[in-house]
Amino acid sequence: CVAFGKAKSALKWAHCTLGKVTKPKAKKGKKLGPLVVKSSTPGAGTRLAVNSKVDLKLGPKPKKKKK
């Protein structure tokens with residue numbers, strides 16, 4: 001999982017642009033908390049032309065497991 005800010009920086013570095021950003025809706029009375037990139041379209045590792053748009057799907061940051 002990658003933070004949204006880091007994903008935007010990576011897109012800029014790769015000469016691509018941010019397309020549609022989809023994030024989950026908060027349940028009534030609850031906050032979403034920190035969000036991370038869960039997937040992208042086209043997927044990671046796809047070779048794109050300069051200025052291609054990349055859509056991102058955000059989701060909640062996974063909680064750290066206690067040891």
# chains A, B, ... in the order shown; residues from 1 in each chain; ligands from 1
>>> residues_around(residues="Val54 (chain A)", least_positions_apart="6", cutoff="8 Å", atoms="only C-alpha atoms", output="list in words")
Leu11, Cys16, Thr17, Leu18, Gly19, Lys20, Ser40, Thr41 and Pro42 of chain A
>>> select_by_dssp(residues="chain A", states="strand (DSSP E)", output="VMD selection string")
chain A and resid 2 to 3 17 to 22 35 to 41 53 to 60
>>> write_last_selection(atoms="N, CA, C and O atoms", output="PDB file, in the first residue's frame")
ATOM      1  N   VAL A   2       0.482   2.218  -0.747  1.00  0.00           N
ATOM      2  CA  VAL A   2       1.242   3.447  -0.885  1.00  0.00           C
ATOM      3  C   VAL A   2       0.372   4.621  -0.460  1.00  0.00           C
ATOM      4  O   VAL A   2      -0.809   4.674  -0.789  1.00  0.00           O
ATOM      5  N   ALA A   3       0.964   5.570   0.249  1.00  0.00           N
ATOM      6  CA  ALA A   3       0.239   6.777   0.630  1.00  0.00           C
ATOM      7  C   ALA A   3      -0.132   7.565  -0.619  1.00  0.00           C
ATOM      8  O   ALA A   3       0.586   7.543  -1.619  1.00  0.00           O
ATOM      9  N   THR A  17      -0.297  11.682 -15.442  1.00  0.00           N
ATOM     10  CA  THR A  17      -1.176  12.571 -14.702  1.00  0.00           C
ATOM     11  C   THR A  17      -2.195  11.764 -13.909  1.00  0.00           C
ATOM     12  O   THR A  17      -2.495  10.625 -14.237  1.00  0.00           O
ATOM     13  N   LEU A  18      -2.703  12.407 -12.880  1.00  0.00           N
ATOM     14  CA  LEU A  18      -3.690  11.769 -12.021  1.00  0.00           C
ATOM     15  C   LEU A  18      -5.048  11.811 -12.712  1.00  0.00           C
ATOM     16  O   LEU A  18      -5.505  12.861 -13.154  1.00  0.00           O
ATOM     17  N   GLY A  19      -5.683  10.663 -12.819  1.00  0.00           N
ATOM     18  CA  GLY A  19      -7.013  10.561 -13.402  1.00  0.00           C
ATOM     19  C   GLY A  19      -8.060  10.588 -12.307  1.00  0.00           C
ATOM     20  O   GLY A  19      -7.955  11.339 -11.335  1.00  0.00           O
ATOM     21  N   LYS A  20      -9.030   9.723 -12.414  1.00  0.00           N
ATOM     22  CA  LYS A  20     -10.125   9.642 -11.443  1.00  0.00           C
ATOM     23  C   LYS A  20      -9.627   9.021 -10.141  1.00  0.00           C
ATOM     24  O   LYS A  20      -8.915   8.018 -10.159  1.00  0.00           O
ATOM     25  N   VAL A  21     -10.015   9.621  -9.030  1.00  0.00           N
ATOM     26  CA  VAL A  21      -9.671   9.092  -7.704  1.00  0.00           C
ATOM     27  C   VAL A  21     -10.959   8.640  -7.043  1.00  0.00           C
ATOM     28  O   VAL A  21     -11.895   9.426  -6.884  1.00  0.00           O
ATOM     29  N   THR A  22     -11.009   7.357  -6.675  1.00  0.00           N
ATOM     30  CA  THR A  22     -12.185   6.786  -6.025  1.00  0.00           C
ATOM     31  C   THR A  22     -11.828   6.459  -4.582  1.00  0.00           C
ATOM     32  O   THR A  22     -10.824   5.804  -4.326  1.00  0.00           O
ATOM     33  N   LEU A  35      -6.027   7.099   4.382  1.00  0.00           N
ATOM     34  CA  LEU A  35      -6.289   6.331   3.171  1.00  0.00           C
ATOM     35  C   LEU A  35      -4.989   6.057   2.425  1.00  0.00           C
ATOM     36  O   LEU A  35      -4.066   6.863   2.447  1.00  0.00           O
ATOM     37  N   VAL A  36      -4.920   4.903   1.768  1.00  0.00           N
ATOM     38  CA  VAL A  36      -3.779   4.520   0.936  1.00  0.00           C
ATOM     39  C   VAL A  36      -4.293   4.033  -0.415  1.00  0.00           C
ATOM     40  O   VAL A  36      -5.475   3.724  -0.560  1.00  0.00           O
ATOM     41  N   VAL A  37      -3.407   3.965  -1.392  1.00  0.00           N
ATOM     42  CA  VAL A  37      -3.781   3.479  -2.715  1.00  0.00           C
ATOM     43  C   VAL A  37      -3.911   1.962  -2.657  1.00  0.00           C
ATOM     44  O   VAL A  37      -2.985   1.259  -2.278  1.00  0.00           O
ATOM     45  N   LYS A  38      -5.081   1.454  -3.015  1.00  0.00           N
ATOM     46  CA  LYS A  38      -5.330   0.008  -3.024  1.00  0.00           C
ATOM     47  C   LYS A  38      -5.097  -0.589  -4.414  1.00  0.00           C
ATOM     48  O   LYS A  38      -4.661  -1.713  -4.532  1.00  0.00           O
ATOM     49  N   SER A  39      -5.413   0.179  -5.466  1.00  0.00           N
ATOM     50  CA  SER A  39      -5.191  -0.299  -6.829  1.00  0.00           C
ATOM     51  C   SER A  39      -5.154   0.882  -7.787  1.00  0.00           C
ATOM     52  O   SER A  39      -5.545   1.997  -7.438  1.00  0.00           O
ATOM     53  N   SER A  40      -4.657   0.603  -8.996  1.00  0.00           N
ATOM     54  CA  SER A  40      -4.607   1.635 -10.035  1.00  0.00           C
ATOM     55  C   SER A  40      -5.017   1.031 -11.363  1.00  0.00           C
ATOM     56  O   SER A  40      -4.916  -0.170 -11.568  1.00  0.00           O
ATOM     57  N   THR A  41      -5.518   1.899 -12.238  1.00  0.00           N
ATOM     58  CA  THR A  41      -5.885   1.474 -13.589  1.00  0.00           C
ATOM     59  C   THR A  41      -5.225   2.433 -14.554  1.00  0.00           C
ATOM     60  O   THR A  41      -5.476   3.625 -14.468  1.00  0.00           O
ATOM     61  N   LYS A  53      -3.158   9.207 -18.234  1.00  0.00           N
ATOM     62  CA  LYS A  53      -3.881   9.359 -16.972  1.00  0.00           C
ATOM     63  C   LYS A  53      -3.939   8.015 -16.260  1.00  0.00           C
ATOM     64  O   LYS A  53      -4.153   6.983 -16.884  1.00  0.00           O
ATOM     65  N   VAL A  54      -3.766   8.065 -14.949  1.00  0.00           N
ATOM     66  CA  VAL A  54      -3.829   6.867 -14.124  1.00  0.00           C
ATOM     67  C   VAL A  54      -4.905   7.083 -13.069  1.00  0.00           C
ATOM     68  O   VAL A  54      -4.875   8.065 -12.324  1.00  0.00           O
ATOM     69  N   ASP A  55      -5.886   6.180 -13.020  1.00  0.00           N
ATOM     70  CA  ASP A  55      -6.959   6.240 -12.029  1.00  0.00           C
ATOM     71  C   ASP A  55      -6.509   5.494 -10.780  1.00  0.00           C
ATOM     72  O   ASP A  55      -5.894   4.430 -10.864  1.00  0.00           O
ATOM     73  N   LEU A  56      -6.827   6.051  -9.614  1.00  0.00           N
ATOM     74  CA  LEU A  56      -6.446   5.424  -8.351  1.00  0.00           C
ATOM     75  C   LEU A  56      -7.683   5.094  -7.527  1.00  0.00           C
ATOM     76  O   LEU A  56      -8.645   5.857  -7.496  1.00  0.00           O
ATOM     77  N   LYS A  57      -7.630   3.949  -6.855  1.00  0.00           N
ATOM     78  CA  LYS A  57      -8.698   3.557  -5.932  1.00  0.00           C
ATOM     79  C   LYS A  57      -8.088   3.546  -4.538  1.00  0.00           C
ATOM     80  O   LYS A  57      -7.103   2.845  -4.291  1.00  0.00           O
ATOM     81  N   LEU A  58      -8.653   4.347  -3.646  1.00  0.00           N
ATOM     82  CA  LEU A  58      -8.149   4.448  -2.286  1.00  0.00           C
ATOM     83  C   LEU A  58      -8.969   3.591  -1.336  1.00  0.00           C
ATOM     84  O   LEU A  58     -10.129   3.290  -1.591  1.00  0.00           O
ATOM     85  N   GLY A  59      -8.341   3.208  -0.242  1.00  0.00           N
ATOM     86  CA  GLY A  59      -9.016   2.441   0.799  1.00  0.00           C
ATOM     87  C   GLY A  59      -8.367   2.724   2.128  1.00  0.00           C
ATOM     88  O   GLY A  59      -7.337   3.400   2.200  1.00  0.00           O
ATOM     89  N   PRO A  60      -8.920   2.208   3.220  1.00  0.00           N
ATOM     90  CA  PRO A  60      -8.358   2.471   4.536  1.00  0.00           C
ATOM     91  C   PRO A  60      -6.985   1.850   4.704  1.00  0.00           C
ATOM     92  O   PRO A  60      -6.687   0.784   4.146  1.00  0.00           O
TER      93      PRO A  60
END
>>> select_by_dssp(residues="chain A", states="alpha helix (DSSP H)", output="NGL selection string")
:A and (4-13)
>>> closest_residue(among="A:Ala26, A:Ala49, A:His15, A:Gly33", to="Lys61 (chain A)", atoms="only C-alpha atoms")
A:Gly33
